[in-house]
Amino acid sequence: MTLSDIGSILVKRYQGEFLSIIGCVDGSIDLVLEKELSSLLDQISPIQFLKSHNVDKIFYLEPEMNVGSGNRVYLIRPIGSNIKDIFTHFRYDLDHNIVRRNLIVFVPCKTHLCQKQLEYYGLIDLIGLYEWHIDLIPLDLDLLSLESCLSLRNYLINKCSSIPYTVASSLLSLHQVNSFNSFTLHTIGEQATEVYHIFNVLKSLSLSCYDPIVPTHCFTDILLIDRKIDMVSPILTQFTYEGLLDDNFGIHCGSVTLSEKVTAKSKPTKLMLNSNDPIYCQVRGNHISFLLTYIKDQLKTLISKYDKGRMETTISEMKLFVSELRTLKPIEQSLVVHLCACESLKDIRSSPINQKLLSIEHGLLSREPFDEKELMRFFEHILCSQTNWRDILRIMCLYSLLGVTPVKDRCKHINYFERQFIKAHGYSHINTLLNLQHLGLLNPLQEDVCRFQLGVNKLGLIPKQNTGEILDLTYPSDTSFVFGGAFKPLSCTLIESFFRHGSWRMINET
């Protein structure tokens, strides 16, 4: 059984749960959907599926909604602002003598705070409350993802204790799909270990009398890596096509939305990033330079096939060409979209400011000597221009994490930068800086700096620049190509070490 089969099993389970919820509503249903959940719903229950099960209309959740005439099912995350909007809808219905049945479906679960808020508004006895337990969903044939929009922020900053439970619950789903055959969970990091303990408790409480979902098990080991083990990789500039799309346009639930400016169309284009796309499936994990070469080759092949079709003279030859057009058209359409995205990414990457930021980033990674006063002057110039503030924060976090200068100098430069940043972008960003300090990303006194540097040296995460070897980014032999040859992703190194040694004993010692 493949990962794709597992994804199909999970989707059918989620669809069954949702149908059992809306099945208690008689008549037509107006589905009121929180906009952030739209991509998630597309992956599990497309519009055609919903329409075939009494869902008449679909609306996005807004503060004021005076539309729709059927019963309402709200599909929302457990957030206070959503409850407030629903209360506004109830007041409108009461004022206009509109009678309808209302349900709230929380994804993935309801919270005590939301229930208290419903009691405060007097809605707790007037509305049905349900939970739709969605955890891992298939985004591609080889990819299951826990698409929880606020999980990382809620856990690391707000200290939401339900997040480890959500992750452990998703592992329990895999345990059930695995025909209740035990797999070994290998963890590294404090949070990963916490999930491991919760999973073991859930597994012991789960009813072993359930019938296996599938007849054979499909995996024996799962690797669980704590995000805080490597805080450097997420703030580095990526050079893979998928990474650049995410950094510049934002990938949400397996799709990216390209603006009219990028595609030169009258409206934004939503591009699904999976194996059904004949171009993306070939280039997603490759360096951007490979994409350019691949697109050129595909264009030449496409042109030659069209030219060959124009030269066909017999009826049988023309019929054969017409049948081939069915496969050529999707490739042509995909090439056009990816070529537009590639051109936009090239323009963004080639801007002088981005080139300078990239050289600073690679200089910090290689620990080459640099003029700190010149660095601060460049930052002042960027801050005064009121642009690229996220990139500036990213570089300063990298400066803090890598510890390339003595602690005293780091404290002075980071404190100076924070004052200038607040002056340039406003006091609303004080909370932003405090959150970064809380996470240890912008903390010159961070104790983990020395530990991280020790791990970098022992694991060889920064390739040596004086060996004379040049990494082929188009056809690489090293995982550092992901960051332009400047840094090896720690997660890849951890997985490689596990398969080489059969455990993480050496990593834990490091």
# chains A, B, ... in the order shown; residues from 1 in each chain; ligands from 1

call {"tool": "residues_around", "arguments": {"residues": "Glu343 in chain A", "least_positions_apart": "5", "cutoff": "12 Å", "atoms": "only C-alpha atoms", "output": "MDAnalysis selection string"}}
result
chainID A and resid 241 244:245 261:264 288:289 291:292 295 335:338 348:350

call {"tool": "residues_around", "arguments": {"residues": "Gln420 in chain A", "least_positions_apart": "2", "cutoff": "12 Å", "atoms": "only C-alpha atoms", "output": "list in words"}}
result
Met376, Arg377, Phe379, Glu380, His381, Ile382, Leu383, Cys384, Gln386, Trp389, Ile392, Leu393, His413, Ile414, Asn415, Tyr416, Phe417, Glu418, Ile422, Lys423, Ala424, His425, Gly426, Tyr427, His429 and Ile430 of chain A

call {"tool": "residues_around", "arguments": {"residues": "range 435-442 of chain A", "least_positions_apart": "6", "cutoff": "7 Å", "atoms": "only C-alpha atoms", "output": "list in words"}}
result
Ile157, Cys397, Ser400 and Leu401 of chain A

call {"tool": "write_last_selection", "arguments": {"atoms": "C-alpha atoms", "output": "PDB file, in the first residue's frame"}}
result
ATOM      1  CA  ILE A 157       4.225  31.887  21.275  1.00  0.00           C
ATOM      2  CA  CYS A 397      17.604  36.878  13.201  1.00  0.00           C
ATOM      3  CA  SER A 400      21.689  36.655  16.157  1.00  0.00           C
ATOM      4  CA  LEU A 401      21.419  32.860  15.721  1.00  0.00           C
TER       5      LEU A 401
END

call {"tool": "closest_atom_pairs", "arguments": {"of": "range 10-93 of chain A", "to": "range 132-150 of chain A", "cutoff": "12 Å", "atoms": "only C-alpha atoms", "output": "JSON lines"}}
result
{"residue": "A:Leu10", "atom": "CA", "partner": "A:Ile137", "partner_atom": "CA", "distance": 7.0}
{"residue": "A:Val11", "atom": "CA", "partner": "A:Ile137", "partner_atom": "CA", "distance": 6.9}
{"residue": "A:Lys12", "atom": "CA", "partner": "A:Ile137", "partner_atom": "CA", "distance": 10.7}
{"residue": "A:Arg13", "atom": "CA", "partner": "A:Ile134", "partner_atom": "CA", "distance": 9.3}
{"residue": "A:Tyr14", "atom": "CA", "partner": "A:Ile134", "partner_atom": "CA", "distance": 6.6}
{"residue": "A:Gln15", "atom": "CA", "partner": "A:Trp132", "partner_atom": "CA", "distance": 9.7}
{"residue": "A:Gly16", "atom": "CA", "partner": "A:Trp132", "partner_atom": "CA", "distance": 10.3}
{"residue": "A:Glu17", "atom": "CA", "partner": "A:Trp132", "partner_atom": "CA", "distance": 6.9}
{"residue": "A:Phe18", "atom": "CA", "partner": "A:Trp132", "partner_atom": "CA", "distance": 6.8}
{"residue": "A:Leu19", "atom": "CA", "partner": "A:Trp132", "partner_atom": "CA", "distance": 10.4}
{"residue": "A:Ser20", "atom": "CA", "partner": "A:Trp132", "partner_atom": "CA", "distance": 10.3}
{"residue": "A:Ile21", "atom": "CA", "partner": "A:Trp132", "partner_atom": "CA", "distance": 8.6}
{"residue": "A:Ile22", "atom": "CA", "partner": "A:Trp132", "partner_atom": "CA", "distance": 11.1}
{"residue": "A:Lys35", "atom": "CA", "partner": "A:Cys149", "partner_atom": "CA", "distance": 11.9}
{"residue": "A:Glu36", "atom": "CA", "partner": "A:Cys149", "partner_atom": "CA", "distance": 8.1}
{"residue": "A:Leu37", "atom": "CA", "partner": "A:Cys149", "partner_atom": "CA", "distance": 8.9}
{"residue": "A:Ser38", "atom": "CA", "partner": "A:Glu147", "partner_atom": "CA", "distance": 11.8}
{"residue": "A:Ser39", "atom": "CA", "partner": "A:Glu147", "partner_atom": "CA", "distance": 9.8}
{"residue": "A:Leu40", "atom": "CA", "partner": "A:Glu147", "partner_atom": "CA", "distance": 7.5}
{"residue": "A:Leu41", "atom": "CA", "partner": "A:Ile134", "partner_atom": "CA", "distance": 10.2}
{"residue": "A:Asp42", "atom": "CA", "partner": "A:Leu139", "partner_atom": "CA", "distance": 10.6}
{"residue": "A:Gln43", "atom": "CA", "partner": "A:Leu139", "partner_atom": "CA", "distance": 7.3}
{"residue": "A:Ile44", "atom": "CA", "partner": "A:Ile137", "partner_atom": "CA", "distance": 7.6}
{"residue": "A:Ser45", "atom": "CA", "partner": "A:Ile137", "partner_atom": "CA", "distance": 11.4}
{"residue": "A:Tyr74", "atom": "CA", "partner": "A:Trp132", "partner_atom": "CA", "distance": 11.5}
{"residue": "A:Leu75", "atom": "CA", "partner": "A:Trp132", "partner_atom": "CA", "distance": 8.9}
{"residue": "A:Ile76", "atom": "CA", "partner": "A:Trp132", "partner_atom": "CA", "distance": 9.8}
{"residue": "A:Arg77", "atom": "CA", "partner": "A:Cys149", "partner_atom": "CA", "distance": 9.5}
{"residue": "A:Pro78", "atom": "CA", "partner": "A:Leu150", "partner_atom": "CA", "distance": 10.7}
{"residue": "A:Ile79", "atom": "CA", "partner": "A:Leu150", "partner_atom": "CA", "distance": 10.4}

call {"tool": "write_last_selection", "arguments": {"atoms": "N, CA and C atoms", "output": "PDB file, in the first residue's frame"}}
result
ATOM      1  N   LEU A  10      -7.903   8.260   4.389  1.00  0.00           N
ATOM      2  CA  LEU A  10      -8.151   9.358   5.326  1.00  0.00           C
ATOM      3  C   LEU A  10      -9.216  10.317   4.790  1.00  0.00           C
ATOM      4  N   VAL A  11      -9.166  10.621   3.475  1.00  0.00           N
ATOM      5  CA  VAL A  11     -10.149  11.532   2.881  1.00  0.00           C
ATOM      6  C   VAL A  11     -11.549  10.943   2.991  1.00  0.00           C
ATOM      7  N   LYS A  12     -11.690   9.663   2.723  1.00  0.00           N
ATOM      8  CA  LYS A  12     -13.008   9.017   2.838  1.00  0.00           C
ATOM      9  C   LYS A  12     -13.521   9.086   4.274  1.00  0.00           C
ATOM     10  N   ARG A  13     -12.612   8.959   5.230  1.00  0.00           N
ATOM     11  CA  ARG A  13     -13.012   9.057   6.639  1.00  0.00           C
ATOM     12  C   ARG A  13     -13.515  10.460   6.954  1.00  0.00           C
ATOM     13  N   TYR A  14     -12.787  11.492   6.493  1.00  0.00           N
ATOM     14  CA  TYR A  14     -13.198  12.880   6.751  1.00  0.00           C
ATOM     15  C   TYR A  14     -14.541  13.181   6.080  1.00  0.00           C
ATOM     16  N   GLN A  15     -14.709  12.694   4.850  1.00  0.00           N
ATOM     17  CA  GLN A  15     -15.976  12.924   4.150  1.00  0.00           C
ATOM     18  C   GLN A  15     -17.142  12.270   4.887  1.00  0.00           C
ATOM     19  N   GLY A  16     -16.911  11.067   5.395  1.00  0.00           N
ATOM     20  CA  GLY A  16     -17.961  10.379   6.148  1.00  0.00           C
ATOM     21  C   GLY A  16     -18.340  11.127   7.405  1.00  0.00           C
ATOM     22  N   GLU A  17     -17.351  11.685   8.119  1.00  0.00           N
ATOM     23  CA  GLU A  17     -17.631  12.455   9.325  1.00  0.00           C
ATOM     24  C   GLU A  17     -18.452  13.704   9.004  1.00  0.00           C
ATOM     25  N   PHE A  18     -18.104  14.391   7.904  1.00  0.00           N
ATOM     26  CA  PHE A  18     -18.820  15.613   7.547  1.00  0.00           C
ATOM     27  C   PHE A  18     -20.253  15.308   7.120  1.00  0.00           C
ATOM     28  N   LEU A  19     -20.429  14.223   6.378  1.00  0.00           N
ATOM     29  CA  LEU A  19     -21.778  13.856   5.943  1.00  0.00           C
ATOM     30  C   LEU A  19     -22.659  13.481   7.128  1.00  0.00           C
ATOM     31  N   SER A  20     -22.062  12.848   8.140  1.00  0.00           N
ATOM     32  CA  SER A  20     -22.845  12.494   9.330  1.00  0.00           C
ATOM     33  C   SER A  20     -23.275  13.740  10.095  1.00  0.00           C
ATOM     34  N   ILE A  21     -22.497  14.826  10.002  1.00  0.00           N
ATOM     35  CA  ILE A  21     -22.855  16.071  10.680  1.00  0.00           C
ATOM     36  C   ILE A  21     -23.989  16.776   9.943  1.00  0.00           C
ATOM     37  N   ILE A  22     -23.838  16.974   8.633  1.00  0.00           N
ATOM     38  CA  ILE A  22     -24.862  17.717   7.895  1.00  0.00           C
ATOM     39  C   ILE A  22     -26.099  16.850   7.632  1.00  0.00           C
ATOM     40  N   LYS A  35     -12.786  31.781   5.231  1.00  0.00           N
ATOM     41  CA  LYS A  35     -12.000  31.832   3.993  1.00  0.00           C
ATOM     42  C   LYS A  35     -10.696  31.052   4.100  1.00  0.00           C
ATOM     43  N   GLU A  36     -10.079  31.055   5.274  1.00  0.00           N
ATOM     44  CA  GLU A  36      -8.801  30.361   5.458  1.00  0.00           C
ATOM     45  C   GLU A  36      -8.942  28.846   5.330  1.00  0.00           C
ATOM     46  N   LEU A  37     -10.178  28.335   5.389  1.00  0.00           N
ATOM     47  CA  LEU A  37     -10.399  26.886   5.289  1.00  0.00           C
ATOM     48  C   LEU A  37     -10.801  26.448   3.882  1.00  0.00           C
ATOM     49  N   SER A  38     -10.885  27.396   2.942  1.00  0.00           N
ATOM     50  CA  SER A  38     -11.378  27.056   1.609  1.00  0.00           C
ATOM     51  C   SER A  38     -10.452  26.084   0.878  1.00  0.00           C
ATOM     52  N   SER A  39      -9.140  26.317   0.956  1.00  0.00           N
ATOM     53  CA  SER A  39      -8.196  25.410   0.285  1.00  0.00           C
ATOM     54  C   SER A  39      -8.228  24.022   0.920  1.00  0.00           C
ATOM     55  N   LEU A  40      -8.372  23.987   2.253  1.00  0.00           N
ATOM     56  CA  LEU A  40      -8.467  22.708   2.951  1.00  0.00           C
ATOM     57  C   LEU A  40      -9.703  21.936   2.500  1.00  0.00           C
ATOM     58  N   LEU A  41     -10.829  22.633   2.370  1.00  0.00           N
ATOM     59  CA  LEU A  41     -12.062  21.979   1.945  1.00  0.00           C
ATOM     60  C   LEU A  41     -11.947  21.468   0.507  1.00  0.00           C
ATOM     61  N   ASP A  42     -11.254  22.214  -0.342  1.00  0.00           N
ATOM     62  CA  ASP A  42     -11.067  21.775  -1.732  1.00  0.00           C
ATOM     63  C   ASP A  42     -10.337  20.441  -1.806  1.00  0.00           C
ATOM     64  N   GLN A  43      -9.398  20.225  -0.884  1.00  0.00           N
ATOM     65  CA  GLN A  43      -8.621  18.987  -0.897  1.00  0.00           C
ATOM     66  C   GLN A  43      -9.446  17.791  -0.422  1.00  0.00           C
ATOM     67  N   ILE A  44     -10.449  18.041   0.422  1.00  0.00           N
ATOM     68  CA  ILE A  44     -11.194  16.932   1.030  1.00  0.00           C
ATOM     69  C   ILE A  44     -12.567  16.749   0.386  1.00  0.00           C
ATOM     70  N   SER A  45     -13.311  17.830   0.285  1.00  0.00           N
ATOM     71  CA  SER A  45     -14.688  17.760  -0.227  1.00  0.00           C
ATOM     72  C   SER A  45     -14.890  18.841  -1.280  1.00  0.00           C
ATOM     73  N   TYR A  74     -21.991  26.522   9.728  1.00  0.00           N
ATOM     74  CA  TYR A  74     -20.766  27.316   9.780  1.00  0.00           C
ATOM     75  C   TYR A  74     -19.563  26.369   9.916  1.00  0.00           C
ATOM     76  N   LEU A  75     -18.601  26.519   9.028  1.00  0.00           N
ATOM     77  CA  LEU A  75     -17.375  25.733   9.084  1.00  0.00           C
ATOM     78  C   LEU A  75     -16.244  26.691   9.425  1.00  0.00           C
ATOM     79  N   ILE A  76     -15.768  26.652  10.677  1.00  0.00           N
ATOM     80  CA  ILE A  76     -14.831  27.664  11.160  1.00  0.00           C
ATOM     81  C   ILE A  76     -13.746  27.039  12.034  1.00  0.00           C
ATOM     82  N   ARG A  77     -12.697  27.822  12.242  1.00  0.00           N
ATOM     83  CA  ARG A  77     -11.691  27.490  13.255  1.00  0.00           C
ATOM     84  C   ARG A  77     -12.136  28.076  14.597  1.00  0.00           C
ATOM     85  N   PRO A  78     -11.685  27.516  15.712  1.00  0.00           N
ATOM     86  CA  PRO A  78     -12.113  28.025  17.023  1.00  0.00           C
ATOM     87  C   PRO A  78     -11.428  29.342  17.377  1.00  0.00           C
ATOM     88  N   ILE A  79     -11.894  30.427  16.751  1.00  0.00           N
ATOM     89  CA  ILE A  79     -11.326  31.759  16.954  1.00  0.00           C
ATOM     90  C   ILE A  79     -12.443  32.696  17.413  1.00  0.00           C
TER      91      ILE A  79
END

call {"tool": "residues_around", "arguments": {"residues": "Glu242 in chain A", "least_positions_apart": "6", "cutoff": "10 Å", "atoms": "only C-alpha atoms", "output": "ChimeraX atom specification"}}
result
/A:250-251,273,280,283-288

call {"tool": "write_last_selection", "arguments": {"atoms": "N, CA and C atoms", "output": "mmCIF file, in the first residue's frame"}}
result
data_model
loop_
_atom_site.group_PDB
_atom_site.id
_atom_site.type_symbol
_atom_site.label_atom_id
_atom_site.label_comp_id
_atom_site.auth_asym_id
_atom_site.auth_seq_id
_atom_site.Cartn_x
_atom_site.Cartn_y
_atom_site.Cartn_z
ATOM 1 N N GLY A 250 3.524 32.411 -1.479
ATOM 2 C CA GLY A 250 2.838 31.729 -0.381
ATOM 3 C C GLY A 250 2.073 30.505 -0.840
ATOM 4 N N ILE A 251 2.503 29.336 -0.399
ATOM 5 C CA ILE A 251 1.804 28.085 -0.707
ATOM 6 C C ILE A 251 0.855 27.781 0.443
ATOM 7 N N LEU A 273 -0.360 22.609 -6.856
ATOM 8 C CA LEU A 273 1.015 22.124 -6.926
ATOM 9 C C LEU A 273 1.057 20.657 -6.522
ATOM 10 N N TYR A 280 5.194 20.797 -13.019
ATOM 11 C CA TYR A 280 5.581 20.943 -11.609
ATOM 12 C C TYR A 280 6.113 19.634 -11.026
ATOM 13 N N VAL A 283 9.845 19.354 -11.598
ATOM 14 C CA VAL A 283 10.809 20.393 -11.214
ATOM 15 C C VAL A 283 10.652 20.886 -9.783
ATOM 16 N N ARG A 284 9.682 20.414 -9.031
ATOM 17 C CA ARG A 284 9.337 21.060 -7.760
ATOM 18 C C ARG A 284 10.495 21.118 -6.769
ATOM 19 N N GLY A 285 11.282 20.059 -6.682
ATOM 20 C CA GLY A 285 12.369 20.030 -5.704
ATOM 21 C C GLY A 285 13.721 20.364 -6.283
ATOM 22 N N ASN A 286 13.751 20.849 -7.529
ATOM 23 C CA ASN A 286 15.018 21.162 -8.185
ATOM 24 C C ASN A 286 15.360 22.635 -8.049
ATOM 25 N N HIS A 287 16.636 22.920 -8.264
ATOM 26 C CA HIS A 287 17.105 24.304 -8.252
ATOM 27 C C HIS A 287 16.435 25.077 -9.379
ATOM 28 N N ILE A 288 16.232 26.374 -9.161
ATOM 29 C CA ILE A 288 15.527 27.201 -10.138
ATOM 30 C C ILE A 288 16.224 27.179 -11.492
#

call {"tool": "closest_residue", "arguments": {"among": "A:Gly189, A:Pro463, A:Gly68, A:Pro164", "to": "Lys488 in chain A", "atoms": "only C-alpha atoms"}}
result
A:Pro463

call {"tool": "select_by_dssp", "arguments": {"residues": "range 228-393 of chain A", "states": "alpha helix (DSSP H)", "output": "NGL selection string"}}
result
:A and (241-248 or 260-263 or 280-283 or 288-310 or 315-349 or 352-366 or 372-384 or 389-393)

call {"tool": "closest_residue", "arguments": {"among": "A:Asp409, A:Leu31, A:Leu3, A:Ile462", "to": "Arg367 in chain A", "atoms": "only C-alpha atoms"}}
result
A:Ile462

call {"tool": "decode", "arguments": {"residues": "range 409-430 of chain A", "atoms": "N, CA and C atoms", "output": "PDB file, in the first residue's frame"}}
result
ATOM      1  N   ASP A 409      29.231  42.804  21.195  1.00  0.00           N
ATOM      2  CA  ASP A 409      28.953  43.489  19.925  1.00  0.00           C
ATOM      3  C   ASP A 409      27.555  43.135  19.411  1.00  0.00           C
ATOM      4  N   ARG A 410      27.171  41.871  19.580  1.00  0.00           N
ATOM      5  CA  ARG A 410      25.838  41.470  19.127  1.00  0.00           C
ATOM      6  C   ARG A 410      24.754  42.235  19.870  1.00  0.00           C
ATOM      7  N   CYS A 411      24.902  42.351  21.175  1.00  0.00           N
ATOM      8  CA  CYS A 411      23.919  43.089  21.983  1.00  0.00           C
ATOM      9  C   CYS A 411      23.792  44.537  21.492  1.00  0.00           C
ATOM     10  N   LYS A 412      24.931  45.175  21.250  1.00  0.00           N
ATOM     11  CA  LYS A 412      24.926  46.569  20.819  1.00  0.00           C
ATOM     12  C   LYS A 412      24.241  46.726  19.465  1.00  0.00           C
ATOM     13  N   HIS A 413      24.602  45.850  18.508  1.00  0.00           N
ATOM     14  CA  HIS A 413      24.056  45.984  17.153  1.00  0.00           C
ATOM     15  C   HIS A 413      22.575  45.630  17.091  1.00  0.00           C
ATOM     16  N   ILE A 414      22.172  44.588  17.818  1.00  0.00           N
ATOM     17  CA  ILE A 414      20.765  44.185  17.778  1.00  0.00           C
ATOM     18  C   ILE A 414      19.888  45.217  18.475  1.00  0.00           C
ATOM     19  N   ASN A 415      20.345  45.768  19.604  1.00  0.00           N
ATOM     20  CA  ASN A 415      19.573  46.812  20.285  1.00  0.00           C
ATOM     21  C   ASN A 415      19.435  48.054  19.412  1.00  0.00           C
ATOM     22  N   TYR A 416      20.512  48.404  18.723  1.00  0.00           N
ATOM     23  CA  TYR A 416      20.469  49.561  17.819  1.00  0.00           C
ATOM     24  C   TYR A 416      19.498  49.293  16.669  1.00  0.00           C
ATOM     25  N   PHE A 417      19.575  48.086  16.109  1.00  0.00           N
ATOM     26  CA  PHE A 417      18.684  47.728  14.997  1.00  0.00           C
ATOM     27  C   PHE A 417      17.219  47.783  15.435  1.00  0.00           C
ATOM     28  N   GLU A 418      16.903  47.258  16.609  1.00  0.00           N
ATOM     29  CA  GLU A 418      15.516  47.245  17.079  1.00  0.00           C
ATOM     30  C   GLU A 418      14.969  48.664  17.231  1.00  0.00           C
ATOM     31  N   ARG A 419      15.797  49.578  17.744  1.00  0.00           N
ATOM     32  CA  ARG A 419      15.347  50.966  17.891  1.00  0.00           C
ATOM     33  C   ARG A 419      15.069  51.593  16.520  1.00  0.00           C
ATOM     34  N   GLN A 420      15.980  51.359  15.568  1.00  0.00           N
ATOM     35  CA  GLN A 420      15.796  51.930  14.234  1.00  0.00           C
ATOM     36  C   GLN A 420      14.604  51.304  13.514  1.00  0.00           C
ATOM     37  N   PHE A 421      14.379  50.027  13.733  1.00  0.00           N
ATOM     38  CA  PHE A 421      13.266  49.333  13.086  1.00  0.00           C
ATOM     39  C   PHE A 421      11.932  49.884  13.580  1.00  0.00           C
ATOM     40  N   ILE A 422      11.817  50.108  14.877  1.00  0.00           N
ATOM     41  CA  ILE A 422      10.585  50.665  15.442  1.00  0.00           C
ATOM     42  C   ILE A 422      10.349  52.081  14.920  1.00  0.00           C
ATOM     43  N   LYS A 423      11.411  52.873  14.809  1.00  0.00           N
ATOM     44  CA  LYS A 423      11.268  54.233  14.294  1.00  0.00           C
ATOM     45  C   LYS A 423      10.778  54.216  12.844  1.00  0.00           C
ATOM     46  N   ALA A 424      11.277  53.241  12.063  1.00  0.00           N
ATOM     47  CA  ALA A 424      10.954  53.201  10.634  1.00  0.00           C
ATOM     48  C   ALA A 424       9.571  52.626  10.365  1.00  0.00           C
ATOM     49  N   HIS A 425       9.171  51.607  11.114  1.00  0.00           N
ATOM     50  CA  HIS A 425       7.944  50.878  10.781  1.00  0.00           C
ATOM     51  C   HIS A 425       6.847  50.990  11.836  1.00  0.00           C
ATOM     52  N   GLY A 426       7.100  51.741  12.907  1.00  0.00           N
ATOM     53  CA  GLY A 426       6.026  52.013  13.852  1.00  0.00           C
ATOM     54  C   GLY A 426       6.040  51.122  15.074  1.00  0.00           C
ATOM     55  N   TYR A 427       5.380  51.623  16.125  1.00  0.00           N
ATOM     56  CA  TYR A 427       5.376  50.939  17.409  1.00  0.00           C
ATOM     57  C   TYR A 427       4.499  49.687  17.405  1.00  0.00           C
ATOM     58  N   SER A 428       3.711  49.503  16.351  1.00  0.00           N
ATOM     59  CA  SER A 428       2.899  48.282  16.249  1.00  0.00           C
ATOM     60  C   SER A 428       3.775  47.037  16.128  1.00  0.00           C
ATOM     61  N   HIS A 429       5.046  47.229  15.738  1.00  0.00           N
ATOM     62  CA  HIS A 429       5.952  46.090  15.563  1.00  0.00           C
ATOM     63  C   HIS A 429       6.728  45.744  16.844  1.00  0.00           C
ATOM     64  N   ILE A 430       6.434  46.437  17.933  1.00  0.00           N
ATOM     65  CA  ILE A 430       7.080  46.067  19.196  1.00  0.00           C
ATOM     66  C   ILE A 430       6.747  44.624  19.556  1.00  0.00           C
TER      67      ILE A 430
END
